[in-house]
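**Q** My questions will all concern the structure given below.
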Amino acid sequence: MKHAIAVEELGPRGEAMAAPISSCVHCGFCLPTCPTYVELGEEMDSPRGRIFLIKEELEGNLELETVLPYVDNCLGCLACVSACPSGVEYGDLITSFRARAEERRERPRLERLRRAAVLRTVSDPRAFRRAMRAARLGRAVRRALPGSLRSMVDLAPADLPAARPLPAVHPAIGERRHRVALLAGCAQQVLAPEINWAALEVLARNGVETVIPAGQGCCGALAMHSGADELAQDQARRNLAAFPEDVDAVITTAAGCGSGMAEYGLLFAGEAEEERARALAARTMDVTTFLARVGLTDPMPEPAAQVTIAYQDACHLAHAQGERSAPRALLGSIPGVRLVEPAEGELCCGSAGIYNIERPEISADLGRRKAGNLLATGAGYVAGGNIGCINQLRVSLDALGSDLPVLHTMQILDLAYKSALEGDTGR
């Protein structure tokens with residue numbers, strides 16, 4: 001698409017916005033994969049519609065306030081990137097435009113304070129644990145709460161697992177083949193600390209030593225994808241300083257965190273930290289990607305019965321990181337496992353960072369749709385790769401009266417090693 005954007009006036013991220021606009025040919029391949037277009041049926045709520053609106057705003061033909069409702073509706077799932085035959089880097093565009101828009105938009109004071117509080121709370125495990133406990137108590141007065149707080153209450157689990165602090169080092173079992181560093185994450189440490197522990201156990205069984213740097217913090221993805229660049233940079237700088245270079249890889253167990261760290265070069269474009277940021281991004285990968293590359297060496301025991309698992313792609317693993325084969329290969333290597341795929345697997349579950357707090361109606365609709373498709377597979381387990389998705393699916397399945405277990409791929413592997421997977425006849 002031709003444009004008349006003054007790229008040099010947009011700063012270091014100008015090209016990151018202009019290039020995707022130039023690449024888009026408005027073919028429409030993105031439409032059936034876009035969750036908001038599927039749900040709302042509006043052209044302006046599709047990727048190509050947003051690209052046109054952003055182009056017009058950057059050229060000075062539209063007011064920012066006209067564009068913002070459609071940009072805000074975007075989940076940032078990047079399914080459009082996977083579907084696009086022209087290679088449009090929609091993620092670079094939407095992330096950069098949101099940062100630019102956030103500097104100029106006028107939010108009501110209470111909304112601004114609420115949003116800042118949510119971003120800072122979710123990214124701090126201690127504060128998030130307190131918030132989740134408060135949310136459980138808030139169920140008694142749910143009807144009296146404003147919409148954003150009501151959605152947080154709805155998403156809070158009935159029971160929080162006990163905290164499980166991570167060690168500084170988790171050694172390999174037997175001969176050490178590799179050494180990696182683990183991003184501990186934020187919300188995941190509160191909602192499902194067993195995910196990181198399962199990853200540590202599976203890595204150790206396969207000769208991988210894991211270090212957990214003490215100085216690390218939130219990856220910054222929530223803030224970055226919400227346009228809060230200053231907060232995102234502050235959070236990312238901790239990781240630039242904390243993560244060592246003398247490891248084979250920096251490992252993430254949450255797809256959103258992995259894709260956020262992959263964008264560190266974009267986040268620090270034009271800044272003094274850009275080179276270090278790009279170097280850290282280059283050695284960061286999802287735990288399933290790493291394990292598939294180095295291979296599983298510890299054999300798993302044969303199960304008592306066949307186990308059917310529905311694998312649900314996390315958007316920021318499948319679309320942002322382009323990783324679909326590794327988790328499926330790992331799960332498929334478990335003896336007795338049958339993998340099944342849900343219908344509409346490319347559609348986002350509706351979690352998308354803090355989207356399920358800011359757009360609870362659309363999020364809930366997408367969650368119900370996804371839960372229904374997963375139930376239709378008849379699987380005994382659902383495997384995923386992101387804590388936000390896992391929590392969203394649990395809430396959505398519960399709303400449909402189902403107790404179908406939703407686990408991280410690493411939890412499934414850990415259970416398989418421990419002969420603890422229930423066969424199809426046992427459910």
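Convention: chains lettered A, B, ... in structure tokens order; per-chain residue numbering from 1; ligands numbered from 1 as shown.
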Sorted by chain and rising residue number, list the residues of stretch 230-258 of chain A at most 12 Å from stretch 398-414 of chain A (counting only C-alpha atoms), each with its closest atom pair and distance in Å to one decimal, as a Markdown table.

**A**
```
| residue | atom | partner | partner_atom | distance |
| --- | --- | --- | --- | --- |
| A:Thr252 | CA | A:Met410 | CA | 11.4 |
| A:Thr253 | CA | A:Met410 | CA | 8.3 |
| A:Ala254 | CA | A:His408 | CA | 9.1 |
| A:Ala255 | CA | A:His408 | CA | 10.8 |
```

**Q** List every residue of stretch 70-240 of chain A that DSSP, applied to the backbone of this structure, places in alpha helix (DSSP H), and write the result as a PyMOL selection string.

**A** chain A and resi 70-73+79-83+90-104+109-122+125-138+147-155+187-191+194-205+221-224+229-240

**Q** DSSP on the backbone, then: every residue of stretch 106-276 of chain A marked strand (DSSP E or B), written as a PDB file with C-alpha atoms, in the first residue's frame.

**A**
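Below is the file that was written, result-v8.pdb:
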```pdb
ATOM      1  CA  VAL A 169      20.552 -23.418  40.311  1.00  0.00           C
ATOM      2  CA  HIS A 170      18.756 -26.643  39.429  1.00  0.00           C
ATOM      3  CA  HIS A 178      23.675 -28.067  28.466  1.00  0.00           C
ATOM      4  CA  ARG A 179      23.310 -25.045  30.747  1.00  0.00           C
ATOM      5  CA  VAL A 180      20.433 -22.565  30.422  1.00  0.00           C
ATOM      6  CA  ALA A 181      18.984 -19.588  32.292  1.00  0.00           C
ATOM      7  CA  LEU A 182      15.272 -19.466  33.137  1.00  0.00           C
ATOM      8  CA  VAL A 208      20.249 -29.663  31.351  1.00  0.00           C
ATOM      9  CA  GLU A 209      21.381 -27.493  34.253  1.00  0.00           C
ATOM     10  CA  THR A 210      19.203 -24.433  34.834  1.00  0.00           C
ATOM     11  CA  VAL A 211      20.233 -21.206  36.536  1.00  0.00           C
ATOM     12  CA  ALA A 249      20.012 -20.272  25.896  1.00  0.00           C
ATOM     13  CA  VAL A 250      17.679 -18.126  27.948  1.00  0.00           C
ATOM     14  CA  ILE A 251      14.522 -20.185  28.455  1.00  0.00           C
ATOM     15  CA  THR A 252      10.936 -19.003  28.860  1.00  0.00           C
TER      16      THR A 252
END
```

**Q** Taking only C-alpha atoms into account, which of A:Arg48, A:Lys55, A:Arg129, A:Arg338 comes nearest A:Ala18?

**A**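 Smallest separation from A:Ala18 among the options: A:Lys55.
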
**Q** Hey, what's within 12 Å of A:Ala305 if we count only C-alpha atoms and toss same-chain stuff fewer than 3 positions away? As a compact mmCIF listing (two decimals) with C-alpha atoms, in the first residue's frame, please?

**A**
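The resulting file, result.txt, is reproduced below:
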```
# COMPACT_ATOMS: atom_id res chain seq x y z
CA PRO A 301 7.73 -45.34 30.81
CA GLU A 302 4.92 -46.97 28.86
CA THR A 308 -5.66 -38.25 24.31
CA PRO A 335 4.38 -43.35 24.67
CA GLY A 336 0.65 -43.96 24.31
CA VAL A 337 -0.28 -40.33 23.59
CA ARG A 338 -2.72 -39.44 20.82
CA GLY A 380 -8.65 -36.08 28.41
CA ALA A 416 4.51 -38.73 31.80
CA SER A 419 3.70 -42.29 35.16
CA ALA A 420 0.97 -39.99 36.47
CA LEU A 421 -1.01 -39.33 33.27
CA GLU A 422 -4.53 -40.73 33.45
CA GLY A 423 -5.48 -42.85 30.45
CA ASP A 424 -8.63 -42.25 28.45
CA THR A 425 -10.36 -45.09 30.28
CA GLY A 426 -9.58 -43.47 33.63
CA ARG A 427 -11.44 -40.22 33.03
```

**Q** Counting only C-alpha atoms, figure out which residue out of A:Arg164, A:Arg115, A:His225, A:His26 gets nearest to A:His316.

**A**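 For A:His316, the nearest of the given residues is A:His225.
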
**Q** Rounded to one decimal in Å, what is the spacing between atom CA of A:Arg237 and atom CA of A:Glu201?

**A** 28.8 Å

**Q** Counting only C-alpha atoms, which residues of stretch 290-387 of chain A fall within 9 Å of stretch 82-89 of chain A, and what is the closest atom pair for each with its distance in Å at one decimal, ordered by chain and rising number, as a tab-separated table?

**A**
```
residue	atom	partner	partner_atom	distance
A:Ala318	CA	A:Ser82	CA	8.2
A:His319	CA	A:Ser82	CA	5.6
A:Ala320	CA	A:Ser82	CA	8.4
A:Gly322	CA	A:Ser82	CA	7.8
```

**Q** Excluding same-chain residues fewer than 3 positions from A:Cys315, what lies within 9 Å of it counting only C-alpha atoms, as JSON, numbers by chain?

**A** {"A": [76, 77, 78, 79, 255, 256, 318, 319, 320, 321, 346, 347, 348, 349, 352, 386, 389]}

**Q** Which residue gives the smallest distance to A:Ala187 among A:Val38, A:Ala16, A:Met132, A:Leu31, with only C-alpha atoms counted?

**A**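 Using only C-alpha atoms, A:Ala187 sits closest to A:Met132.
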
**Q** Of the candidates A:Leu222, A:Ser259, A:Tyr381, A:Leu203, which one gets nearest to A:Thr121 if we count only C-alpha atoms?

**A**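 Using only C-alpha atoms, the shortest distance to A:Thr121 belongs to A:Leu222.
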